[in-house]
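Chemist: Next comes the structure file protein-v1.txt, holding compact mmCIF, C-alpha atoms and all ligand atoms.
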```txt
# COMPACT_ATOMS: atom_id res chain seq x y z
CA MET R 1 -10.12 20.84 113.77
CA PRO R 2 -9.08 23.27 116.52
CA LYS R 3 -8.75 26.84 115.41
CA ALA R 4 -5.75 29.04 115.97
CA THR R 5 -4.98 31.02 119.08
CA ILE R 6 -4.76 34.59 117.79
CA THR R 7 -2.41 36.97 119.58
CA ALA R 8 -1.84 40.66 118.86
CA VAL R 9 1.68 41.79 119.69
CA VAL R 10 0.90 45.37 120.52
CA ASN R 11 2.31 48.60 121.94
CA GLN R 12 1.77 52.04 120.41
CA LYS R 13 5.33 52.93 121.27
CA GLY R 14 7.93 52.17 118.60
CA GLY R 15 11.05 50.14 119.31
CA THR R 16 9.72 47.90 122.08
CA ALA R 17 10.58 44.69 120.19
CA LYS R 18 7.09 43.94 118.86
CA THR R 19 8.47 42.80 115.52
CA THR R 20 11.41 40.90 117.00
CA THR R 21 9.04 39.16 119.40
CA SER R 22 6.43 38.29 116.75
CA GLU R 23 9.18 36.85 114.60
CA ASN R 24 11.04 34.79 117.17
CA LEU R 25 8.05 33.65 119.17
CA GLY R 26 6.64 32.55 115.82
CA PHE R 27 9.79 30.63 114.96
CA GLY R 28 9.92 29.25 118.50
CA LEU R 29 6.39 27.87 118.18
CA ALA R 30 7.16 26.43 114.74
CA ARG R 31 10.18 24.63 116.22
CA GLU R 32 7.77 22.99 118.66
CA GLY R 33 5.80 21.63 115.72
CA LYS R 34 3.05 24.24 115.81
CA ARG R 35 1.54 25.63 112.64
CA VAL R 36 2.22 29.35 112.76
CA LEU R 37 1.00 32.30 110.72
CA LEU R 38 2.58 35.72 111.21
CA VAL R 39 0.61 38.74 110.05
CA ASP R 40 2.42 42.00 109.38
CA THR R 41 0.02 44.90 110.00
CA ASP R 42 2.69 47.61 109.98
CA PRO R 43 3.05 49.58 106.72
CA GLN R 44 6.76 49.87 107.57
CA ALA R 45 6.87 46.11 106.88
CA SER R 46 9.77 45.39 109.27
CA LEU R 47 8.51 41.86 109.91
CA THR R 48 8.11 41.20 106.19
CA ILE R 49 11.68 42.39 105.62
CA ALA R 50 13.02 40.44 108.61
CA LEU R 51 11.53 37.28 107.14
CA GLY R 52 13.66 37.60 104.05
CA ASN R 53 11.66 39.91 101.79
CA PRO R 54 13.91 42.94 101.46
CA GLN R 55 11.65 44.66 98.91
CA PRO R 56 8.10 44.42 100.26
CA ASP R 57 6.83 47.00 97.78
CA ASN R 58 7.55 44.55 94.96
CA LEU R 59 5.44 41.75 96.42
CA GLU R 60 2.50 40.81 94.27
CA ILE R 61 -0.01 40.28 97.08
CA THR R 62 0.10 41.79 100.55
CA LEU R 63 -2.28 42.23 103.46
CA THR R 64 -3.65 45.34 101.75
CA ASP R 65 -4.97 43.27 98.82
CA LEU R 66 -6.48 40.67 101.12
CA MET R 67 -8.24 43.30 103.22
CA LYS R 68 -9.50 45.00 100.05
CA LYS R 69 -10.99 41.69 98.95
CA VAL R 70 -12.82 41.36 102.27
CA ILE R 71 -14.15 44.91 101.94
CA ASN R 72 -15.31 44.28 98.36
CA GLU R 73 -16.69 40.84 99.27
CA GLU R 74 -14.48 39.14 96.71
CA PRO R 75 -13.42 35.51 97.22
CA ILE R 76 -9.96 34.73 98.61
CA ALA R 77 -8.29 31.59 97.25
CA PRO R 78 -6.83 29.12 99.79
CA GLY R 79 -3.35 30.28 100.78
CA GLU R 80 -3.61 33.39 98.63
CA GLY R 81 -0.83 35.89 99.37
CA ILE R 82 0.71 33.75 102.12
CA LEU R 83 4.49 33.37 101.97
CA HIS R 84 6.35 30.36 103.39
CA HIS R 85 9.60 30.75 105.29
CA PRO R 86 12.12 27.86 105.20
CA GLU R 87 12.17 27.75 109.03
CA GLY R 88 8.54 26.73 109.07
CA VAL R 89 6.42 29.84 109.56
CA ASP R 90 3.94 31.40 107.16
CA LEU R 91 3.61 35.13 106.63
CA VAL R 92 0.98 37.53 105.39
CA PRO R 93 3.29 40.33 104.26
CA SER R 94 2.80 44.05 104.42
CA SER R 95 4.05 46.95 102.34
CA ILE R 96 3.84 50.72 102.43
CA GLU R 97 0.55 50.43 100.53
CA LEU R 98 -1.08 49.42 103.81
CA SER R 99 -0.82 53.00 105.07
CA GLY R 100 -3.61 53.86 102.61
CA MET R 101 -5.79 51.19 104.19
CA GLU R 102 -5.68 53.03 107.50
CA VAL R 103 -7.42 55.93 105.75
CA SER R 104 -9.87 54.01 103.60
CA LEU R 105 -11.09 51.92 106.53
CA VAL R 106 -12.66 55.02 108.04
CA ASN R 107 -15.47 54.93 105.48
CA THR R 108 -15.87 51.17 105.41
CA MET R 109 -18.79 49.23 106.85
CA ASN R 110 -17.67 47.04 109.78
CA ARG R 111 -14.34 48.79 109.60
CA GLU R 112 -12.99 47.33 112.85
CA LYS R 113 -13.55 43.76 111.72
CA ILE R 114 -11.96 43.55 108.30
CA LEU R 115 -8.79 41.79 109.50
CA ARG R 116 -10.88 39.46 111.65
CA GLN R 117 -12.97 38.49 108.64
CA TYR R 118 -9.81 37.73 106.71
CA LEU R 119 -8.34 35.64 109.54
CA ASP R 120 -11.61 33.70 109.77
CA THR R 121 -10.77 32.31 106.33
CA VAL R 122 -7.36 30.93 107.40
CA LYS R 123 -7.51 30.25 111.13
CA ASN R 124 -8.43 26.59 110.78
CA GLN R 125 -5.07 25.95 109.18
CA TYR R 126 -2.96 27.18 112.08
CA ASP R 127 -2.32 26.60 115.78
CA PHE R 128 -1.04 30.12 116.42
CA ILE R 129 -1.56 33.39 114.57
CA LEU R 130 0.62 36.30 115.71
CA ILE R 131 -0.27 39.80 114.57
CA ASP R 132 2.62 42.27 114.57
CA CYS R 133 1.11 45.71 115.21
CA MET R 134 2.29 49.12 114.10
CA PRO R 135 3.31 51.76 116.63
CA SER R 136 -0.06 53.51 116.88
CA LEU R 137 -3.55 52.90 118.19
CA GLY R 138 -5.15 53.64 114.81
CA MET R 139 -7.58 51.60 112.73
CA LEU R 140 -5.13 48.82 111.84
CA THR R 141 -4.29 48.21 115.50
CA ILE R 142 -7.98 48.27 116.41
CA ASN R 143 -8.49 45.67 113.67
CA ALA R 144 -5.74 43.54 115.22
CA LEU R 145 -7.31 43.79 118.69
CA ALA R 146 -10.75 43.03 117.28
CA ALA R 147 -9.38 39.84 115.69
CA ALA R 148 -7.31 38.61 118.64
CA GLU R 149 -8.07 36.65 121.78
CA ASN R 150 -4.83 37.76 123.41
CA ALA R 151 -2.75 40.87 123.58
CA LEU R 152 0.94 40.37 124.27
CA ILE R 153 2.57 43.67 125.21
CA PRO R 154 6.34 43.99 124.78
CA VAL R 155 7.71 46.77 126.94
CA GLN R 156 11.23 48.09 127.01
CA ALA R 157 11.74 48.01 130.77
CA GLN R 158 14.19 50.86 130.81
CA TYR R 159 11.82 53.25 129.07
CA LEU R 160 8.51 52.13 130.51
CA SER R 161 5.96 54.88 130.08
CA ALA R 162 3.22 54.54 132.69
CA LYS R 163 1.01 56.94 130.72
CA GLY R 164 1.57 55.05 127.49
CA LEU R 165 0.74 51.73 129.12
CA GLU R 166 -2.37 53.23 130.72
CA GLN R 167 -3.54 54.46 127.31
CA LEU R 168 -2.91 51.07 125.72
CA LEU R 169 -4.78 49.20 128.46
CA GLY R 170 -7.63 51.71 128.07
CA THR R 171 -7.87 50.96 124.35
CA ILE R 172 -7.78 47.21 124.96
CA ASN R 173 -10.59 47.49 127.51
CA LYS R 174 -12.64 49.60 125.14
CA VAL R 175 -12.22 47.10 122.31
CA ARG R 176 -13.21 44.32 124.72
CA ARG R 177 -16.37 46.15 125.79
CA GLN R 178 -17.47 47.35 122.38
CA ILE R 179 -16.19 44.93 119.77
CA ASN R 180 -14.47 41.80 121.04
CA PRO R 181 -15.52 40.43 124.45
CA LYS R 182 -13.03 37.56 124.10
CA LEU R 183 -10.01 39.83 124.13
CA ARG R 184 -7.75 39.49 127.15
CA ILE R 185 -4.31 40.66 128.06
CA GLU R 186 -2.05 37.67 127.85
CA GLY R 187 0.87 39.42 129.46
CA ILE R 188 3.51 42.10 129.52
CA LEU R 189 6.90 41.04 128.22
CA LEU R 190 9.97 42.94 129.37
CA THR R 191 12.37 43.25 126.44
CA MET R 192 15.92 44.47 125.86
CA VAL R 193 16.71 43.89 129.49
CA ASP R 194 20.21 44.83 130.50
CA ALA R 195 21.78 42.00 132.48
CA ARG R 196 23.99 44.36 134.43
CA THR R 197 21.12 46.15 136.11
CA ASN R 198 18.43 44.70 138.29
CA TYR R 199 15.94 47.07 136.77
CA SER R 200 13.65 44.47 135.26
CA LYS R 201 12.73 42.93 138.62
CA GLU R 202 11.76 46.35 139.96
CA ILE R 203 9.71 47.17 136.88
CA ALA R 204 7.96 43.80 136.99
CA ALA R 205 7.16 44.38 140.68
CA LEU R 206 5.93 47.90 139.92
CA ILE R 207 3.57 46.64 137.19
CA ARG R 208 2.31 43.85 139.44
CA ASP R 209 1.65 46.35 142.26
CA THR R 210 -0.01 48.90 140.01
CA TYR R 211 -2.45 46.45 138.48
CA GLY R 212 -2.96 44.37 141.59
CA GLY R 213 -1.71 41.21 139.97
CA LYS R 214 -4.50 41.39 137.39
CA ILE R 215 -2.06 41.70 134.55
CA LYS R 216 0.51 39.00 134.07
CA VAL R 217 4.13 39.93 133.59
CA TYR R 218 5.97 37.07 131.90
CA ASP R 219 8.51 35.38 134.13
CA GLN R 220 10.77 35.23 131.15
CA VAL R 221 12.40 38.51 130.13
CA ILE R 222 14.27 39.05 126.87
CA PRO R 223 17.86 40.18 127.41
CA ARG R 224 19.47 42.90 125.33
CA SER R 225 22.01 41.64 122.81
CA ILE R 226 23.47 42.92 119.60
CA ARG R 227 22.73 39.45 118.17
CA ALA R 228 19.02 40.28 118.22
CA ALA R 229 19.57 43.47 116.27
CA GLU R 230 21.58 41.61 113.63
CA ILE R 231 18.82 39.28 112.47
CA SER R 232 16.51 41.93 110.99
CA ALA R 233 18.69 42.08 107.89
CA GLU R 234 19.43 38.36 107.77
CA GLY R 235 16.05 36.89 106.97
CA LYS R 236 16.38 34.21 109.62
CA SER R 237 15.50 33.53 113.23
CA ILE R 238 17.61 34.12 116.32
CA PHE R 239 17.57 30.32 116.70
CA SER R 240 19.57 29.83 113.54
CA HIS R 241 21.61 33.05 113.82
CA ASP R 242 22.81 32.60 117.40
CA PRO R 243 21.34 29.37 118.77
CA ASP R 244 23.28 29.33 122.04
CA GLY R 245 22.91 33.04 122.78
CA LYS R 246 20.83 34.53 125.57
CA VAL R 247 18.18 36.00 123.27
CA ALA R 248 17.53 32.61 121.68
CA GLN R 249 17.28 31.13 125.18
CA GLY R 250 14.90 33.92 126.15
CA TYR R 251 12.55 33.36 123.23
CA LYS R 252 12.74 29.61 123.73
CA ALA R 253 11.57 29.95 127.33
CA LEU R 254 8.91 32.49 126.30
CA THR R 255 7.65 29.98 123.72
CA GLN R 256 7.20 27.41 126.50
CA GLU R 257 5.34 29.92 128.65
CA VAL R 258 3.03 30.90 125.77
CA MET R 259 2.29 27.26 124.92
CA HIS R 260 1.60 26.51 128.57
CA ASP R 261 -0.84 29.45 128.83
CA ALA R 262 -2.61 28.44 125.61
CA GLU R 263 -2.99 24.90 126.94
CA LYS R 264 -4.40 26.15 130.25
CA ARG R 265 -6.87 28.36 128.42
CA ARG R 266 -8.02 25.54 126.19
CA LYS R 267 -8.63 23.32 129.21
CA ARG R 268 -10.62 26.07 130.88
CA GLU R 269 -12.74 26.51 127.76
CA LEU R 270 -13.38 22.77 127.58
CA ASP R 271 -14.40 22.74 131.26
CA GLN R 272 -16.87 25.53 130.60
CA LEU R 273 -18.45 23.51 127.80
CA ARG R 274 -19.10 20.57 130.10
P1 LIG J 301 9.10 47.41 117.33
O1 LIG J 301 8.54 46.44 116.36
O2 LIG J 301 8.36 47.43 118.63
O3 LIG J 301 9.25 48.79 116.76
P2 LIG J 301 11.62 46.03 116.93
O4 LIG J 301 11.36 44.59 117.13
O5 LIG J 301 11.71 46.50 115.52
O6 LIG J 301 10.58 46.92 117.73
O7 LIG J 301 12.95 46.38 117.71
C1 LIG J 301 13.46 47.70 117.74
C2 LIG J 301 14.98 47.65 117.55
O8 LIG J 301 15.58 47.00 118.65
C3 LIG J 301 15.39 46.88 116.31
O9 LIG J 301 16.49 47.50 115.75
C4 LIG J 301 15.75 45.50 116.86
O10 LIG J 301 16.69 44.86 116.05
C5 LIG J 301 16.31 45.85 118.22
N1 LIG J 301 16.11 44.78 119.20
C6 LIG J 301 15.01 44.02 119.39
N2 LIG J 301 15.18 43.14 120.39
C7 LIG J 301 16.43 43.35 120.87
C8 LIG J 301 17.21 42.76 121.91
N3 LIG J 301 16.74 41.76 122.66
N4 LIG J 301 18.47 43.24 122.11
C9 LIG J 301 18.96 44.24 121.36
N5 LIG J 301 18.28 44.84 120.36
C10 LIG J 301 17.03 44.41 120.11
MG MG J 302 7.73 46.76 114.48
```
Mind converting the file's structure to structure tokens?
Modeler:
Amino acid sequence: MPKATITAVVNQKGGTAKTTTSENLGFGLAREGKRVLLVDTDPQASLTIALGNPQPDNLEITLTDLMKKVINEEPIAPGEGILHHPEGVDLVPSSIELSGMEVSLVNTMNREKILRQYLDTVKNQYDFILIDCMPSLGMLTINALAAAENALIPVQAQYLSAKGLEQLLGTINKVRRQINPKLRIEGILLTMVDARTNYSKEIAALIRDTYGGKIKVYDQVIPRSIRAAEISAEGKSIFSHDPDGKVAQGYKALTQEVMHDAEKRRKRELDQLR
């Protein structure tokens, strides 16, 4: 059985639409019949809340418990702690308790690979695993990058910080060299793009120039719309909240692009095996 493509949705800057993208790309892939697991690695638990769990601190099992089990070498039952959303995605939820994990990992053996070890136990059951990262480059984000094959970087075009992006790419390269040689940058996604300005094309061109075409910028950008902001309290996807809106269209097209890239990668891997 093929194992999941694991993607970290990452940017140490807050408010770049990491959570919104994890959520709606996840739903988009599920609508295409893919088996999708979302993993909330942010102690703020925005993704957990957005998926219809308004009180994450009352959940019985969260990512913290699962990571603790890995650290203590305790068995994890099939499906343990995984929540099912009616629109067809699964979720490993987070809660504020996870902020303690960031600290306790420091003294843990193999501390960068705890999340990866957990995902090893579930990845045969999914086609795509999306890891929603917190806005920092701390231990939990390093764990996400150590577990992933791809990094998808949402950037708010209007507030692009060249320094911030440089720092993020530096961390990704370091993780690739030292921990996870399979890690690659899947692409930069421009989010909250204002239709009235042409800004996004300039930014995309700037990024392409700066990195000599080595880093992909997704053709598809995600437009800004109040509809996207509304769903975080609704517990449902943009596809059911505003199916004909431009954000739903954006995530639909992004879903196609991501599936296409995953397919290309799989073919390349198969060719290498021959
Ligand atoms: P992050 O996870 O990177 O911190 P979020 O996904 O939580 O970012 O998004 C930050 C804020 O912007 C949230 O309030 C969210 O509802 C809003 N938002 C996300 N995408 C859009 C969009 N396309 N248009 C308008 N607002 C958006
Ligand atoms: Mg977030």
Chemist: Hey, could you make a per-residue contact list for region 143-195 of chain R against region 106-118 of chain R with 7 Å as the cut-off, showing the nearest pair of atoms and its distance in Å to one decimal, counting all atoms listed in the file, sorted by chain and number, as a tab-separated table?
Modeler:
```
residue	atom	partner	partner_atom	distance
R:Asn143	CA	R:Glu112	CA	4.9
R:Ala144	CA	R:Leu115	CA	6.7
R:Ala146	CA	R:Lys113	CA	6.3
R:Ala147	CA	R:Arg116	CA	4.3
```
Chemist: Could you give me the residues within 10 Å of ligand LIG 301 (chain J), counting all atoms listed in the file, as number ranges by chain?
Modeler: R: 9-24, 42, 44-47, 50, 132-135, 153-156, 190-194, 221-233, 238, 246-248, 250-251
Chemist: Find, counting all atoms listed in the file, the residue in R:Asp65, R:Leu37, R:Ser136, R:Gly88 that gets nearest to ligand MG 302 (chain J).
Modeler: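 Closest candidate: R:Ser136.
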Chemist: Show me the residues around (0.6, 31.0, 117.2) - criterion: an atom at most 7 Å away, all atoms listed in the file counted - as a PDB file with C-alpha atoms, keeping the file's coordinate frame.
Modeler:
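point.pdb, freshly written:
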```pdb
ATOM      1  CA  ALA R   4      -5.750  29.040 115.970  1.00  0.00           C
ATOM      2  CA  THR R   5      -4.980  31.020 119.080  1.00  0.00           C
ATOM      3  CA  ILE R   6      -4.760  34.590 117.790  1.00  0.00           C
ATOM      4  CA  GLY R  26       6.640  32.550 115.820  1.00  0.00           C
ATOM      5  CA  LEU R  29       6.390  27.870 118.180  1.00  0.00           C
ATOM      6  CA  VAL R  36       2.220  29.350 112.760  1.00  0.00           C
ATOM      7  CA  LEU R  37       1.000  32.300 110.720  1.00  0.00           C
ATOM      8  CA  ASP R 127      -2.320  26.600 115.780  1.00  0.00           C
ATOM      9  CA  PHE R 128      -1.040  30.120 116.420  1.00  0.00           C
ATOM     10  CA  ILE R 129      -1.560  33.390 114.570  1.00  0.00           C
ATOM     11  CA  LEU R 130       0.620  36.300 115.710  1.00  0.00           C
TER      12      LEU R 130
END
```
Chemist: I'd like the interatomic distance between CA of Tyr218 (chain R) and CA of Leu273 (chain R), to a tenth of an Å.
Modeler: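 Answer for the CA of Tyr218 (chain R) to CA of Leu273 (chain R) separation: 28.2 Å.
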Chemist: Nearest to ligand MG 302 (chain J) among R:Ala148, R:Gly170, R:Asp40, R:Glu97, with distances taken over all atoms listed in the file: which residue is it?
Modeler: R:Asp40
Chemist: What gap, in Å, lies between CA of Thr171 (chain R) and CA of Leu25 (chain R)?
Modeler: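 So the two atoms, CA of Thr171 (chain R) and CA of Leu25 (chain R), lie 24.1 Å apart.
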Chemist: Name the closest residue to ligand MG 302 (chain J) among the candidates R:Asn53, R:Ser94, R:Asn72, R:Asn198; distances are taken between atoms, counting only C-alpha atoms and all ligand atoms.
Modeler: R:Ser94
Chemist: Out of R:Ser200, R:Gln272, R:Ser240, R:Thr41, which residue has the shortest atom-to-atom distance to ligand MG 302 (chain J) when counting only C-alpha atoms and all ligand atoms?
Modeler: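 Selected residue with least distance to ligand MG 302 (chain J): R:Thr41.
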Chemist: Determine the nearest neighbour of ligand MG 302 (chain J) from the options R:Ile49, R:Val258, R:Ala77, R:Ile61, counting all atoms listed in the file.
Modeler: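 Between R:Ile49, R:Val258, R:Ala77, R:Ile61, the residue approaching ligand MG 302 (chain J) most closely is R:Ile49.
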Chemist: With distances taken over all atoms listed in the file, which residue among R:Gly79, R:Gly52, R:Gly213, R:Pro43 lies nearest ligand MG 302 (chain J)?
Modeler: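 Among R:Gly79, R:Gly52, R:Gly213, R:Pro43, it is R:Pro43 that comes nearest to ligand MG 302 (chain J).
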Chemist: If you measure from CA of Arg208 (chain R) to CA of Met259 (chain R), what distance in Å do you get, rounded to one decimal?
Modeler: 22.0 Å
Chemist: Near Ile172 (chain R), within 9 Å and counting all atoms listed in the file, which residues show up once chain neighbours fewer than 3 positions away are dropped, as a PyMOL selection string?
Modeler: chain R and resi 142+145+151+167-169+175-177+183-185
Chemist: Could you dump the residues just selected with C-alpha atoms as an mmCIF file, in the coordinates of the input?
Modeler:
```
data_model
loop_
_atom_site.group_PDB
_atom_site.id
_atom_site.type_symbol
_atom_site.label_atom_id
_atom_site.label_comp_id
_atom_site.auth_asym_id
_atom_site.auth_seq_id
_atom_site.Cartn_x
_atom_site.Cartn_y
_atom_site.Cartn_z
ATOM 1 C CA ILE R 142 -7.980 48.270 116.410
ATOM 2 C CA LEU R 145 -7.310 43.790 118.690
ATOM 3 C CA ALA R 151 -2.750 40.870 123.580
ATOM 4 C CA GLN R 167 -3.540 54.460 127.310
ATOM 5 C CA LEU R 168 -2.910 51.070 125.720
ATOM 6 C CA LEU R 169 -4.780 49.200 128.460
ATOM 7 C CA VAL R 175 -12.220 47.100 122.310
ATOM 8 C CA ARG R 176 -13.210 44.320 124.720
ATOM 9 C CA ARG R 177 -16.370 46.150 125.790
ATOM 10 C CA LEU R 183 -10.010 39.830 124.130
ATOM 11 C CA ARG R 184 -7.750 39.490 127.150
ATOM 12 C CA ILE R 185 -4.310 40.660 128.060
#
```
Chemist: Output region 9-19 of chain R with all heavy atoms present, as a PDB file, in the coordinates of the input.
Modeler:
```pdb
ATOM      1  N   VAL R   9       0.472  41.314 119.015  1.00  0.00           N
ATOM      2  CA  VAL R   9       1.680  41.790 119.690  1.00  0.00           C
ATOM      3  C   VAL R   9       1.657  43.317 119.545  1.00  0.00           C
ATOM      4  O   VAL R   9       1.858  43.847 118.450  1.00  0.00           O
ATOM      5  CB  VAL R   9       2.943  41.169 119.065  1.00  0.00           C
ATOM      6  CG1 VAL R   9       4.194  41.651 119.782  1.00  0.00           C
ATOM      7  CG2 VAL R   9       2.848  39.639 119.120  1.00  0.00           C
ATOM      8  N   VAL R  10       1.344  43.984 120.645  1.00  0.00           N
ATOM      9  CA  VAL R  10       0.900  45.370 120.520  1.00  0.00           C
ATOM     10  C   VAL R  10       1.533  46.298 121.550  1.00  0.00           C
ATOM     11  O   VAL R  10       1.737  45.920 122.712  1.00  0.00           O
ATOM     12  CB  VAL R  10      -0.660  45.414 120.605  1.00  0.00           C
ATOM     13  CG1 VAL R  10      -1.154  44.926 121.972  1.00  0.00           C
ATOM     14  CG2 VAL R  10      -1.226  46.795 120.332  1.00  0.00           C
ATOM     15  N   ASN R  11       1.887  47.478 121.088  1.00  0.00           N
ATOM     16  CA  ASN R  11       2.310  48.600 121.940  1.00  0.00           C
ATOM     17  C   ASN R  11       2.418  49.787 120.998  1.00  0.00           C
ATOM     18  O   ASN R  11       3.073  49.674 119.950  1.00  0.00           O
ATOM     19  CB  ASN R  11       3.669  48.299 122.607  1.00  0.00           C
ATOM     20  CG  ASN R  11       4.007  49.336 123.677  1.00  0.00           C
ATOM     21  OD1 ASN R  11       3.597  50.492 123.592  1.00  0.00           O
ATOM     22  ND2 ASN R  11       4.760  48.925 124.665  1.00  0.00           N
ATOM     23  N   GLN R  12       1.766  50.892 121.334  1.00  0.00           N
ATOM     24  CA  GLN R  12       1.770  52.040 120.410  1.00  0.00           C
ATOM     25  C   GLN R  12       3.105  52.755 120.370  1.00  0.00           C
ATOM     26  O   GLN R  12       3.318  53.630 119.538  1.00  0.00           O
ATOM     27  CB  GLN R  12       0.623  53.009 120.731  1.00  0.00           C
ATOM     28  CG  GLN R  12       0.829  53.901 121.948  1.00  0.00           C
ATOM     29  CD  GLN R  12       0.430  53.206 123.246  1.00  0.00           C
ATOM     30  OE1 GLN R  12       0.550  51.989 123.411  1.00  0.00           O
ATOM     31  NE2 GLN R  12      -0.017  53.977 124.210  1.00  0.00           N
ATOM     32  N   LYS R  13       3.999  52.352 121.277  1.00  0.00           N
ATOM     33  CA  LYS R  13       5.330  52.930 121.270  1.00  0.00           C
ATOM     34  C   LYS R  13       6.199  52.145 120.279  1.00  0.00           C
ATOM     35  O   LYS R  13       6.107  50.919 120.222  1.00  0.00           O
ATOM     36  CB  LYS R  13       5.900  52.799 122.687  1.00  0.00           C
ATOM     37  CG  LYS R  13       7.098  53.655 122.993  1.00  0.00           C
ATOM     38  CD  LYS R  13       7.197  53.729 124.515  1.00  0.00           C
ATOM     39  CE  LYS R  13       8.547  53.934 125.084  1.00  0.00           C
ATOM     40  NZ  LYS R  13       9.544  54.689 124.493  1.00  0.00           N
ATOM     41  N   GLY R  14       7.022  52.840 119.528  1.00  0.00           N
ATOM     42  CA  GLY R  14       7.930  52.170 118.600  1.00  0.00           C
ATOM     43  C   GLY R  14       9.135  51.616 119.345  1.00  0.00           C
ATOM     44  O   GLY R  14       9.455  52.061 120.446  1.00  0.00           O
ATOM     45  N   GLY R  15       9.783  50.627 118.755  1.00  0.00           N
ATOM     46  CA  GLY R  15      11.050  50.140 119.310  1.00  0.00           C
ATOM     47  C   GLY R  15      10.949  49.387 120.614  1.00  0.00           C
ATOM     48  O   GLY R  15      11.873  49.405 121.419  1.00  0.00           O
ATOM     49  N   THR R  16       9.834  48.699 120.852  1.00  0.00           N
ATOM     50  CA  THR R  16       9.720  47.900 122.080  1.00  0.00           C
ATOM     51  C   THR R  16       9.920  46.411 121.816  1.00  0.00           C
ATOM     52  O   THR R  16       9.665  45.582 122.685  1.00  0.00           O
ATOM     53  CB  THR R  16       8.357  48.116 122.779  1.00  0.00           C
ATOM     54  OG1 THR R  16       7.321  47.559 121.969  1.00  0.00           O
ATOM     55  CG2 THR R  16       8.071  49.594 123.005  1.00  0.00           C
ATOM     56  N   ALA R  17      10.338  46.075 120.602  1.00  0.00           N
ATOM     57  CA  ALA R  17      10.580  44.690 120.190  1.00  0.00           C
ATOM     58  C   ALA R  17       9.309  43.924 119.835  1.00  0.00           C
ATOM     59  O   ALA R  17       9.271  42.696 119.949  1.00  0.00           O
ATOM     60  CB  ALA R  17      11.419  43.906 121.210  1.00  0.00           C
ATOM     61  N   LYS R  18       8.293  44.633 119.363  1.00  0.00           N
ATOM     62  CA  LYS R  18       7.090  43.940 118.860  1.00  0.00           C
ATOM     63  C   LYS R  18       7.454  43.015 117.704  1.00  0.00           C
ATOM     64  O   LYS R  18       7.081  41.843 117.680  1.00  0.00           O
ATOM     65  CB  LYS R  18       6.049  44.950 118.343  1.00  0.00           C
ATOM     66  CG  LYS R  18       5.371  45.760 119.410  1.00  0.00           C
ATOM     67  CD  LYS R  18       4.365  46.725 118.806  1.00  0.00           C
ATOM     68  CE  LYS R  18       4.996  47.888 118.083  1.00  0.00           C
ATOM     69  NZ  LYS R  18       5.847  48.753 118.919  1.00  0.00           N
ATOM     70  N   THR R  19       8.161  43.577 116.726  1.00  0.00           N
ATOM     71  CA  THR R  19       8.470  42.800 115.520  1.00  0.00           C
ATOM     72  C   THR R  19       9.416  41.646 115.847  1.00  0.00           C
ATOM     73  O   THR R  19       9.191  40.503 115.426  1.00  0.00           O
ATOM     74  CB  THR R  19       9.070  43.731 114.449  1.00  0.00           C
ATOM     75  OG1 THR R  19       8.090  44.727 114.125  1.00  0.00           O
ATOM     76  CG2 THR R  19       9.451  42.963 113.203  1.00  0.00           C
TER      77      THR R  19
END
```
